[in-house]
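K.L.:
Sharing a structure, written as structure tokens. Questions coming.
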Amino acid sequence: MGIRFVLMVNKQGQTRLAQYYEYLTVEERRTLEGEIVRKCLARNENQCSFVEHRNYKIVYRRYASLFFLVGVDDGENELAILEFIHLLVETMDRHFGNVCELDIMFHLEKVHFMLEEMVMNGCIVETSKSNILTPIQLMDKTS
């Protein structure tokens, strides 16, 4: 398994989306998120986007007011994860049109669905934006 978790956090450190691919209790998740968010938000723009924390490698990227943080195994390719984050943002942009924090808050189920289409059991399984968005567009048409 490569990806352990995906977090979307705003500049104030509030978690807007959390998806885990390994079992952690709620308390463990809360503690882990707090530690990682503080560590990543404290870094400046001149520092690299990779941080080691506990037994995870954290790859993160900031888009406007949102930080996208992905926890991966040590052996995972950091640049591939940065590309994954960019693909996720581009996919959300295509669906929402310049995605923002409010889009994620008000359409959380769609964002989770996009993430579930892209990642299965911690492995990236889909990278085609049109394949990811087709089921969501079909659901939108029927509702």
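By convention here, the chains of the structure tokens are called A, B, ... in the order presented, each chain's residues are numbered starting at 1, and ligands are numbered starting at 1 in the order presented.
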Just list as number ranges by chain whatever in stretch 18-116 of chain A DSSP marks as strand (DSSP E or B).
P.N.:
A: 18-20, 50-53, 56-63, 66-72
K.L.:
Name all residues at most 12 Å from A:His86 (count only C-alpha atoms; drop same-chain ones fewer than 3 positions away) and give them as a PyMOL selection string.
P.N.:
chain A and resi 59-63+67-70+79-83+89-93+127+129
K.L.:
Taking only C-alpha atoms into account, which of A:Leu24, A:Val51, A:Leu88, A:Val37 comes nearest A:Met118?
P.N.:
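Comparing A:Leu24, A:Val51, A:Leu88, A:Val37 against A:Met118, the winner is A:Leu88.
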K.L.:
Looking at only C-alpha atoms, which of A:Gln12, A:Tyr21, A:Leu133, A:Ala64 is the one that sits closest to A:Phe96?
P.N.:
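Answer, going by the shortest atom-to-atom distance: A:Leu133.
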K.L.:
Residues at most 9 Å from A:Leu108, counting only C-alpha atoms, excluding those fewer than 5 positions away in the same chain, as a PyMOL selection string?
P.N.:
chain A and resi 16-17+103+113
K.L.:
Pick from A:Phe84, A:Tyr23, A:Phe50, A:Phe106: nearest to A:Arg4, with only C-alpha atoms counted?
P.N.:
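Of A:Phe84, A:Tyr23, A:Phe50, A:Phe106, the one nearest A:Arg4, counting only C-alpha atoms, is A:Tyr23.
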K.L.:
Between A:Ile36, A:Asp74, A:Cys100, A:Gln19, which has the minimum distance to A:Met114 (counting only C-alpha atoms)?
P.N.:
A:Gln19
K.L.:
Which residues come within 10 Å of A:Tyr20, counting only C-alpha atoms, excluding same-chain residues fewer than 5 positions away, as an mmCIF file with C-alpha atoms, in the first residue's frame?
P.N.:
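What follows is the written file part-v3.cif:
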```
data_model
loop_
_atom_site.group_PDB
_atom_site.id
_atom_site.type_symbol
_atom_site.label_atom_id
_atom_site.label_comp_id
_atom_site.auth_asym_id
_atom_site.auth_seq_id
_atom_site.Cartn_x
_atom_site.Cartn_y
_atom_site.Cartn_z
ATOM 1 C CA ILE A 3 -1.004 6.093 0.197
ATOM 2 C CA ARG A 4 -1.975 5.983 3.870
ATOM 3 C CA PHE A 5 -4.168 9.100 4.033
ATOM 4 C CA VAL A 6 -5.239 12.233 2.163
ATOM 5 C CA LEU A 7 -6.032 15.468 3.993
ATOM 6 C CA ARG A 29 -6.383 10.493 13.678
ATOM 7 C CA VAL A 70 -0.816 12.989 1.463
ATOM 8 C CA GLY A 71 0.803 10.528 3.851
ATOM 9 C CA ASN A 121 -7.012 0.710 -0.878
ATOM 10 C CA GLY A 122 -4.132 3.198 -0.931
#
```
K.L.:
If you run DSSP on the backbone here, which positions in chain A get alpha helix (DSSP H)? Please write them as a PDB file with N, CA, C and O atoms, in the first residue's frame.
P.N.:
```pdb
ATOM      1  N   VAL A  26     -10.206   7.333  16.177  1.00  0.00           N
ATOM      2  CA  VAL A  26     -10.515   8.751  16.037  1.00  0.00           C
ATOM      3  C   VAL A  26      -9.488   9.595  16.783  1.00  0.00           C
ATOM      4  O   VAL A  26      -9.015  10.623  16.277  1.00  0.00           O
ATOM      5  N   GLU A  27      -9.108   9.161  17.964  1.00  0.00           N
ATOM      6  CA  GLU A  27      -8.114   9.898  18.757  1.00  0.00           C
ATOM      7  C   GLU A  27      -6.754   9.899  18.064  1.00  0.00           C
ATOM      8  O   GLU A  27      -6.065  10.930  18.017  1.00  0.00           O
ATOM      9  N   GLU A  28      -6.352   8.764  17.496  1.00  0.00           N
ATOM     10  CA  GLU A  28      -5.085   8.694  16.767  1.00  0.00           C
ATOM     11  C   GLU A  28      -5.109   9.605  15.538  1.00  0.00           C
ATOM     12  O   GLU A  28      -4.120  10.283  15.240  1.00  0.00           O
ATOM     13  N   ARG A  29      -6.245   9.621  14.845  1.00  0.00           N
ATOM     14  CA  ARG A  29      -6.383  10.493  13.678  1.00  0.00           C
ATOM     15  C   ARG A  29      -6.283  11.961  14.078  1.00  0.00           C
ATOM     16  O   ARG A  29      -5.588  12.740  13.427  1.00  0.00           O
ATOM     17  N   ARG A  30      -6.976  12.334  15.120  1.00  0.00           N
ATOM     18  CA  ARG A  30      -6.971  13.716  15.583  1.00  0.00           C
ATOM     19  C   ARG A  30      -5.557  14.152  15.968  1.00  0.00           C
ATOM     20  O   ARG A  30      -5.100  15.232  15.587  1.00  0.00           O
ATOM     21  N   THR A  31      -4.854  13.311  16.692  1.00  0.00           N
ATOM     22  CA  THR A  31      -3.488  13.621  17.104  1.00  0.00           C
ATOM     23  C   THR A  31      -2.568  13.728  15.892  1.00  0.00           C
ATOM     24  O   THR A  31      -1.795  14.684  15.774  1.00  0.00           O
ATOM     25  N   LEU A  32      -2.651  12.756  14.994  1.00  0.00           N
ATOM     26  CA  LEU A  32      -1.815  12.741  13.801  1.00  0.00           C
ATOM     27  C   LEU A  32      -2.073  13.975  12.937  1.00  0.00           C
ATOM     28  O   LEU A  32      -1.124  14.645  12.505  1.00  0.00           O
ATOM     29  N   GLU A  33      -3.343  14.288  12.704  1.00  0.00           N
ATOM     30  CA  GLU A  33      -3.684  15.453  11.896  1.00  0.00           C
ATOM     31  C   GLU A  33      -3.144  16.729  12.519  1.00  0.00           C
ATOM     32  O   GLU A  33      -2.580  17.574  11.820  1.00  0.00           O
ATOM     33  N   GLY A  34      -3.301  16.882  13.818  1.00  0.00           N
ATOM     34  CA  GLY A  34      -2.808  18.078  14.501  1.00  0.00           C
ATOM     35  C   GLY A  34      -1.308  18.241  14.347  1.00  0.00           C
ATOM     36  O   GLY A  34      -0.810  19.328  14.036  1.00  0.00           O
ATOM     37  N   GLU A  35      -0.572  17.157  14.549  1.00  0.00           N
ATOM     38  CA  GLU A  35       0.890  17.203  14.437  1.00  0.00           C
ATOM     39  C   GLU A  35       1.327  17.534  13.010  1.00  0.00           C
ATOM     40  O   GLU A  35       2.194  18.388  12.801  1.00  0.00           O
ATOM     41  N   ILE A  36       0.730  16.869  12.046  1.00  0.00           N
ATOM     42  CA  ILE A  36       1.128  17.061  10.651  1.00  0.00           C
ATOM     43  C   ILE A  36       0.759  18.457  10.168  1.00  0.00           C
ATOM     44  O   ILE A  36       1.562  19.131   9.513  1.00  0.00           O
ATOM     45  N   VAL A  37      -0.440  18.896  10.488  1.00  0.00           N
ATOM     46  CA  VAL A  37      -0.888  20.215  10.034  1.00  0.00           C
ATOM     47  C   VAL A  37       0.006  21.307  10.616  1.00  0.00           C
ATOM     48  O   VAL A  37       0.434  22.212   9.898  1.00  0.00           O
ATOM     49  N   ARG A  38       0.315  21.228  11.894  1.00  0.00           N
ATOM     50  CA  ARG A  38       1.204  22.231  12.497  1.00  0.00           C
ATOM     51  C   ARG A  38       2.568  22.229  11.823  1.00  0.00           C
ATOM     52  O   ARG A  38       3.142  23.283  11.544  1.00  0.00           O
ATOM     53  N   LYS A  39       3.071  21.050  11.552  1.00  0.00           N
ATOM     54  CA  LYS A  39       4.404  20.927  10.938  1.00  0.00           C
ATOM     55  C   LYS A  39       4.417  21.503   9.518  1.00  0.00           C
ATOM     56  O   LYS A  39       5.327  22.241   9.147  1.00  0.00           O
ATOM     57  N   CYS A  40       3.405  21.184   8.721  1.00  0.00           N
ATOM     58  CA  CYS A  40       3.380  21.625   7.324  1.00  0.00           C
ATOM     59  C   CYS A  40       3.037  23.116   7.189  1.00  0.00           C
ATOM     60  O   CYS A  40       3.623  23.806   6.358  1.00  0.00           O
ATOM     61  N   LEU A  41       2.108  23.612   7.986  1.00  0.00           N
ATOM     62  CA  LEU A  41       1.733  25.016   7.897  1.00  0.00           C
ATOM     63  C   LEU A  41       2.844  25.939   8.398  1.00  0.00           C
ATOM     64  O   LEU A  41       2.899  27.100   8.008  1.00  0.00           O
ATOM     65  N   GLU A  78       7.916  10.614  -4.269  1.00  0.00           N
ATOM     66  CA  GLU A  78       7.342  11.900  -3.860  1.00  0.00           C
ATOM     67  C   GLU A  78       6.812  12.698  -5.048  1.00  0.00           C
ATOM     68  O   GLU A  78       5.752  13.330  -4.959  1.00  0.00           O
ATOM     69  N   LEU A  79       7.530  12.670  -6.157  1.00  0.00           N
ATOM     70  CA  LEU A  79       7.098  13.434  -7.330  1.00  0.00           C
ATOM     71  C   LEU A  79       5.812  12.870  -7.928  1.00  0.00           C
ATOM     72  O   LEU A  79       4.965  13.621  -8.416  1.00  0.00           O
ATOM     73  N   ALA A  80       5.659  11.571  -7.882  1.00  0.00           N
ATOM     74  CA  ALA A  80       4.418  10.956  -8.364  1.00  0.00           C
ATOM     75  C   ALA A  80       3.240  11.388  -7.486  1.00  0.00           C
ATOM     76  O   ALA A  80       2.139  11.625  -7.992  1.00  0.00           O
ATOM     77  N   ILE A  81       3.470  11.513  -6.194  1.00  0.00           N
ATOM     78  CA  ILE A  81       2.402  11.950  -5.290  1.00  0.00           C
ATOM     79  C   ILE A  81       2.074  13.422  -5.534  1.00  0.00           C
ATOM     80  O   ILE A  81       0.902  13.823  -5.484  1.00  0.00           O
ATOM     81  N   LEU A  82       3.084  14.253  -5.811  1.00  0.00           N
ATOM     82  CA  LEU A  82       2.806  15.653  -6.172  1.00  0.00           C
ATOM     83  C   LEU A  82       1.951  15.718  -7.431  1.00  0.00           C
ATOM     84  O   LEU A  82       1.029  16.527  -7.522  1.00  0.00           O
ATOM     85  N   GLU A  83       2.244  14.869  -8.400  1.00  0.00           N
ATOM     86  CA  GLU A  83       1.426  14.798  -9.614  1.00  0.00           C
ATOM     87  C   GLU A  83       0.002  14.335  -9.303  1.00  0.00           C
ATOM     88  O   GLU A  83      -0.956  14.829  -9.886  1.00  0.00           O
ATOM     89  N   PHE A  84      -0.125  13.379  -8.379  1.00  0.00           N
ATOM     90  CA  PHE A  84      -1.448  12.918  -7.959  1.00  0.00           C
ATOM     91  C   PHE A  84      -2.249  14.071  -7.345  1.00  0.00           C
ATOM     92  O   PHE A  84      -3.428  14.247  -7.651  1.00  0.00           O
ATOM     93  N   ILE A  85      -1.607  14.845  -6.483  1.00  0.00           N
ATOM     94  CA  ILE A  85      -2.285  15.994  -5.858  1.00  0.00           C
ATOM     95  C   ILE A  85      -2.733  16.969  -6.938  1.00  0.00           C
ATOM     96  O   ILE A  85      -3.875  17.450  -6.922  1.00  0.00           O
ATOM     97  N   HIS A  86      -1.856  17.240  -7.894  1.00  0.00           N
ATOM     98  CA  HIS A  86      -2.205  18.171  -8.976  1.00  0.00           C
ATOM     99  C   HIS A  86      -3.371  17.626  -9.810  1.00  0.00           C
ATOM    100  O   HIS A  86      -4.264  18.376 -10.188  1.00  0.00           O
ATOM    101  N   LEU A  87      -3.350  16.336 -10.087  1.00  0.00           N
ATOM    102  CA  LEU A  87      -4.453  15.719 -10.826  1.00  0.00           C
ATOM    103  C   LEU A  87      -5.770  15.848 -10.061  1.00  0.00           C
ATOM    104  O   LEU A  87      -6.808  16.160 -10.655  1.00  0.00           O
ATOM    105  N   LEU A  88      -5.733  15.628  -8.761  1.00  0.00           N
ATOM    106  CA  LEU A  88      -6.939  15.774  -7.944  1.00  0.00           C
ATOM    107  C   LEU A  88      -7.483  17.196  -8.026  1.00  0.00           C
ATOM    108  O   LEU A  88      -8.685  17.409  -8.221  1.00  0.00           O
ATOM    109  N   VAL A  89      -6.612  18.184  -7.931  1.00  0.00           N
ATOM    110  CA  VAL A  89      -7.040  19.585  -8.002  1.00  0.00           C
ATOM    111  C   VAL A  89      -7.576  19.908  -9.398  1.00  0.00           C
ATOM    112  O   VAL A  89      -8.619  20.572  -9.529  1.00  0.00           O
ATOM    113  N   GLU A  90      -6.900  19.444 -10.438  1.00  0.00           N
ATOM    114  CA  GLU A  90      -7.388  19.686 -11.807  1.00  0.00           C
ATOM    115  C   GLU A  90      -8.750  19.037 -12.039  1.00  0.00           C
ATOM    116  O   GLU A  90      -9.608  19.610 -12.715  1.00  0.00           O
ATOM    117  N   THR A  91      -8.950  17.860 -11.491  1.00  0.00           N
ATOM    118  CA  THR A  91     -10.234  17.169 -11.635  1.00  0.00           C
ATOM    119  C   THR A  91     -11.339  17.950 -10.932  1.00  0.00           C
ATOM    120  O   THR A  91     -12.433  18.133 -11.490  1.00  0.00           O
ATOM    121  N   MET A  92     -11.055  18.422  -9.727  1.00  0.00           N
ATOM    122  CA  MET A  92     -12.047  19.239  -9.015  1.00  0.00           C
ATOM    123  C   MET A  92     -12.292  20.553  -9.739  1.00  0.00           C
ATOM    124  O   MET A  92     -13.429  21.027  -9.800  1.00  0.00           O
ATOM    125  N   ASP A  93     -11.242  21.145 -10.312  1.00  0.00           N
ATOM    126  CA  ASP A  93     -11.396  22.377 -11.093  1.00  0.00           C
ATOM    127  C   ASP A  93     -12.314  22.152 -12.289  1.00  0.00           C
ATOM    128  O   ASP A  93     -13.165  22.990 -12.586  1.00  0.00           O
ATOM    129  N   ARG A  94     -12.119  21.032 -12.963  1.00  0.00           N
ATOM    130  CA  ARG A  94     -12.950  20.751 -14.131  1.00  0.00           C
ATOM    131  C   ARG A  94     -14.417  20.608 -13.735  1.00  0.00           C
ATOM    132  O   ARG A  94     -15.305  21.060 -14.442  1.00  0.00           O
ATOM    133  N   HIS A  95     -14.672  19.973 -12.596  1.00  0.00           N
ATOM    134  CA  HIS A  95     -16.062  19.760 -12.180  1.00  0.00           C
ATOM    135  C   HIS A  95     -16.697  21.032 -11.594  1.00  0.00           C
ATOM    136  O   HIS A  95     -17.813  21.379 -11.944  1.00  0.00           O
ATOM    137  N   PHE A  96     -15.981  21.692 -10.696  1.00  0.00           N
ATOM    138  CA  PHE A  96     -16.545  22.851  -9.999  1.00  0.00           C
ATOM    139  C   PHE A  96     -16.240  24.170 -10.693  1.00  0.00           C
ATOM    140  O   PHE A  96     -16.904  25.164 -10.413  1.00  0.00           O
ATOM    141  N   GLU A 101     -12.463  26.394  -1.289  1.00  0.00           N
ATOM    142  CA  GLU A 101     -12.756  25.708  -0.029  1.00  0.00           C
ATOM    143  C   GLU A 101     -14.253  25.483   0.159  1.00  0.00           C
ATOM    144  O   GLU A 101     -14.679  24.431   0.645  1.00  0.00           O
ATOM    145  N   LEU A 102     -15.073  26.450  -0.236  1.00  0.00           N
ATOM    146  CA  LEU A 102     -16.522  26.317  -0.078  1.00  0.00           C
ATOM    147  C   LEU A 102     -17.082  25.189  -0.935  1.00  0.00           C
ATOM    148  O   LEU A 102     -18.013  24.491  -0.512  1.00  0.00           O
ATOM    149  N   ASP A 103     -16.539  25.007  -2.147  1.00  0.00           N
ATOM    150  CA  ASP A 103     -16.980  23.886  -2.993  1.00  0.00           C
ATOM    151  C   ASP A 103     -16.765  22.563  -2.275  1.00  0.00           C
ATOM    152  O   ASP A 103     -17.624  21.679  -2.292  1.00  0.00           O
ATOM    153  N   ILE A 104     -15.614  22.431  -1.632  1.00  0.00           N
ATOM    154  CA  ILE A 104     -15.308  21.194  -0.912  1.00  0.00           C
ATOM    155  C   ILE A 104     -16.233  21.029   0.290  1.00  0.00           C
ATOM    156  O   ILE A 104     -16.749  19.948   0.542  1.00  0.00           O
ATOM    157  N   MET A 105     -16.479  22.114   1.000  1.00  0.00           N
ATOM    158  CA  MET A 105     -17.341  22.032   2.186  1.00  0.00           C
ATOM    159  C   MET A 105     -18.779  21.680   1.824  1.00  0.00           C
ATOM    160  O   MET A 105     -19.411  20.876   2.504  1.00  0.00           O
ATOM    161  N   PHE A 106     -19.299  22.278   0.753  1.00  0.00           N
ATOM    162  CA  PHE A 106     -20.703  22.071   0.399  1.00  0.00           C
ATOM    163  C   PHE A 106     -20.942  20.861  -0.493  1.00  0.00           C
ATOM    164  O   PHE A 106     -22.085  20.433  -0.672  1.00  0.00           O
ATOM    165  N   LEU A 108     -18.936  17.848  -0.231  1.00  0.00           N
ATOM    166  CA  LEU A 108     -17.956  16.913   0.316  1.00  0.00           C
ATOM    167  C   LEU A 108     -18.131  15.505  -0.240  1.00  0.00           C
ATOM    168  O   LEU A 108     -17.154  14.816  -0.533  1.00  0.00           O
ATOM    169  N   GLU A 109     -19.371  15.088  -0.440  1.00  0.00           N
ATOM    170  CA  GLU A 109     -19.609  13.735  -0.947  1.00  0.00           C
ATOM    171  C   GLU A 109     -19.068  13.571  -2.359  1.00  0.00           C
ATOM    172  O   GLU A 109     -18.540  12.516  -2.708  1.00  0.00           O
ATOM    173  N   LYS A 110     -19.138  14.619  -3.189  1.00  0.00           N
ATOM    174  CA  LYS A 110     -18.598  14.541  -4.547  1.00  0.00           C
ATOM    175  C   LYS A 110     -17.072  14.462  -4.520  1.00  0.00           C
ATOM    176  O   LYS A 110     -16.467  13.728  -5.306  1.00  0.00           O
ATOM    177  N   VAL A 111     -16.457  15.225  -3.628  1.00  0.00           N
ATOM    178  CA  VAL A 111     -14.997  15.201  -3.531  1.00  0.00           C
ATOM    179  C   VAL A 111     -14.533  13.831  -3.043  1.00  0.00           C
ATOM    180  O   VAL A 111     -13.566  13.271  -3.562  1.00  0.00           O
ATOM    181  N   HIS A 112     -15.240  13.269  -2.055  1.00  0.00           N
ATOM    182  CA  HIS A 112     -14.907  11.915  -1.606  1.00  0.00           C
ATOM    183  C   HIS A 112     -15.081  10.918  -2.752  1.00  0.00           C
ATOM    184  O   HIS A 112     -14.265  10.006  -2.917  1.00  0.00           O
ATOM    185  N   PHE A 113     -16.124  11.089  -3.524  1.00  0.00           N
ATOM    186  CA  PHE A 113     -16.380  10.188  -4.647  1.00  0.00           C
ATOM    187  C   PHE A 113     -15.245  10.270  -5.668  1.00  0.00           C
ATOM    188  O   PHE A 113     -14.780   9.242  -6.179  1.00  0.00           O
ATOM    189  N   MET A 114     -14.778  11.501  -5.967  1.00  0.00           N
ATOM    190  CA  MET A 114     -13.662  11.667  -6.903  1.00  0.00           C
ATOM    191  C   MET A 114     -12.422  10.947  -6.369  1.00  0.00           C
ATOM    192  O   MET A 114     -11.732  10.248  -7.113  1.00  0.00           O
ATOM    193  N   LEU A 115     -12.170  11.130  -5.086  1.00  0.00           N
ATOM    194  CA  LEU A 115     -11.006  10.500  -4.473  1.00  0.00           C
ATOM    195  C   LEU A 115     -11.133   8.979  -4.494  1.00  0.00           C
ATOM    196  O   LEU A 115     -10.160   8.271  -4.766  1.00  0.00           O
ATOM    197  N   GLU A 116     -12.342   8.474  -4.264  1.00  0.00           N
ATOM    198  CA  GLU A 116     -12.567   7.029  -4.299  1.00  0.00           C
ATOM    199  C   GLU A 116     -12.413   6.464  -5.708  1.00  0.00           C
ATOM    200  O   GLU A 116     -12.010   5.308  -5.877  1.00  0.00           O
ATOM    201  N   GLU A 117     -12.732   7.273  -6.715  1.00  0.00           N
ATOM    202  CA  GLU A 117     -12.535   6.836  -8.096  1.00  0.00           C
ATOM    203  C   GLU A 117     -11.047   6.767  -8.439  1.00  0.00           C
ATOM    204  O   GLU A 117     -10.633   5.954  -9.255  1.00  0.00           O
ATOM    205  N   MET A 118     -10.253   7.619  -7.804  1.00  0.00           N
ATOM    206  CA  MET A 118      -8.827   7.709  -8.113  1.00  0.00           C
ATOM    207  C   MET A 118      -7.977   6.733  -7.303  1.00  0.00           C
ATOM    208  O   MET A 118      -6.988   6.217  -7.807  1.00  0.00           O
ATOM    209  N   LYS A 129      -9.163  12.147 -16.046  1.00  0.00           N
ATOM    210  CA  LYS A 129     -10.165  13.060 -15.478  1.00  0.00           C
ATOM    211  C   LYS A 129     -11.570  12.729 -15.972  1.00  0.00           C
ATOM    212  O   LYS A 129     -12.522  12.756 -15.203  1.00  0.00           O
ATOM    213  N   SER A 130     -11.691  12.420 -17.252  1.00  0.00           N
ATOM    214  CA  SER A 130     -13.024  12.126 -17.790  1.00  0.00           C
ATOM    215  C   SER A 130     -13.599  10.847 -17.182  1.00  0.00           C
ATOM    216  O   SER A 130     -14.789  10.775 -16.886  1.00  0.00           O
ATOM    217  N   ASN A 131     -12.753   9.825 -16.977  1.00  0.00           N
ATOM    218  CA  ASN A 131     -13.237   8.594 -16.342  1.00  0.00           C
ATOM    219  C   ASN A 131     -13.635   8.827 -14.889  1.00  0.00           C
ATOM    220  O   ASN A 131     -14.546   8.182 -14.377  1.00  0.00           O
ATOM    221  N   ILE A 132     -12.941   9.718 -14.210  1.00  0.00           N
ATOM    222  CA  ILE A 132     -13.251  10.023 -12.812  1.00  0.00           C
ATOM    223  C   ILE A 132     -14.568  10.788 -12.716  1.00  0.00           C
ATOM    224  O   ILE A 132     -15.386  10.528 -11.834  1.00  0.00           O
ATOM    225  N   LEU A 133     -14.785  11.718 -13.648  1.00  0.00           N
ATOM    226  CA  LEU A 133     -15.947  12.608 -13.555  1.00  0.00           C
ATOM    227  C   LEU A 133     -17.216  12.045 -14.183  1.00  0.00           C
ATOM    228  O   LEU A 133     -18.309  12.502 -13.854  1.00  0.00           O
ATOM    229  N   THR A 134     -17.113  11.062 -15.055  1.00  0.00           N
ATOM    230  CA  THR A 134     -18.300  10.520 -15.731  1.00  0.00           C
ATOM    231  C   THR A 134     -19.366  10.034 -14.755  1.00  0.00           C
ATOM    232  O   THR A 134     -20.538  10.413 -14.902  1.00  0.00           O
ATOM    233  N   PRO A 135     -19.052   9.223 -13.730  1.00  0.00           N
ATOM    234  CA  PRO A 135     -20.103   8.790 -12.804  1.00  0.00           C
ATOM    235  C   PRO A 135     -20.739   9.958 -12.035  1.00  0.00           C
ATOM    236  O   PRO A 135     -21.951   9.949 -11.789  1.00  0.00           O
ATOM    237  N   ILE A 136     -19.956  10.950 -11.700  1.00  0.00           N
ATOM    238  CA  ILE A 136     -20.489  12.107 -10.965  1.00  0.00           C
ATOM    239  C   ILE A 136     -21.432  12.897 -11.867  1.00  0.00           C
ATOM    240  O   ILE A 136     -22.512  13.325 -11.433  1.00  0.00           O
ATOM    241  N   GLN A 137     -21.059  13.072 -13.131  1.00  0.00           N
ATOM    242  CA  GLN A 137     -21.928  13.777 -14.070  1.00  0.00           C
ATOM    243  C   GLN A 137     -23.226  13.016 -14.311  1.00  0.00           C
ATOM    244  O   GLN A 137     -24.295  13.618 -14.428  1.00  0.00           O
ATOM    245  N   LEU A 138     -23.155  11.695 -14.347  1.00  0.00           N
ATOM    246  CA  LEU A 138     -24.376  10.885 -14.496  1.00  0.00           C
ATOM    247  C   LEU A 138     -25.283  11.032 -13.282  1.00  0.00           C
ATOM    248  O   LEU A 138     -26.508  11.120 -13.420  1.00  0.00           O
ATOM    249  N   MET A 139     -24.682  11.061 -12.091  1.00  0.00           N
ATOM    250  CA  MET A 139     -25.478  11.260 -10.872  1.00  0.00           C
ATOM    251  C   MET A 139     -26.128  12.636 -10.860  1.00  0.00           C
ATOM    252  O   MET A 139     -27.268  12.781 -10.442  1.00  0.00           O
ATOM    253  N   ASP A 140     -25.400  13.646 -11.334  1.00  0.00           N
ATOM    254  CA  ASP A 140     -25.952  15.009 -11.382  1.00  0.00           C
ATOM    255  C   ASP A 140     -27.134  15.089 -12.344  1.00  0.00           C
ATOM    256  O   ASP A 140     -28.107  15.788 -12.067  1.00  0.00           O
ATOM    257  N   LYS A 141     -27.054  14.362 -13.464  1.00  0.00           N
ATOM    258  CA  LYS A 141     -28.137  14.385 -14.444  1.00  0.00           C
ATOM    259  C   LYS A 141     -29.417  13.755 -13.889  1.00  0.00           C
ATOM    260  O   LYS A 141     -30.519  14.203 -14.168  1.00  0.00           O
ATOM    261  N   THR A 142     -29.270  12.693 -13.109  1.00  0.00           N
ATOM    262  CA  THR A 142     -30.444  11.988 -12.617  1.00  0.00           C
ATOM    263  C   THR A 142     -31.081  12.673 -11.414  1.00  0.00           C
ATOM    264  O   THR A 142     -32.237  12.407 -11.110  1.00  0.00           O
TER     265      THR A 142
END
```
K.L.:
Hey, can you check how far atom CA of A:Lys57 sits from atom CA of A:His107?
P.N.:
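Interatomic distance here is 28.6 Å.
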K.L.:
In Å, with one decimal, what is the gap from atom CA of A:Asn44 to atom CA of A:Val119?
P.N.:
29.0 Å
K.L.:
What does the distance between atom CA of A:Asn98 and atom CA of A:Leu66 come to in Å, to one decimal place?
P.N.:
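Computed distance, atom CA of A:Asn98 to atom CA of A:Leu66, equals 12.6 Å.
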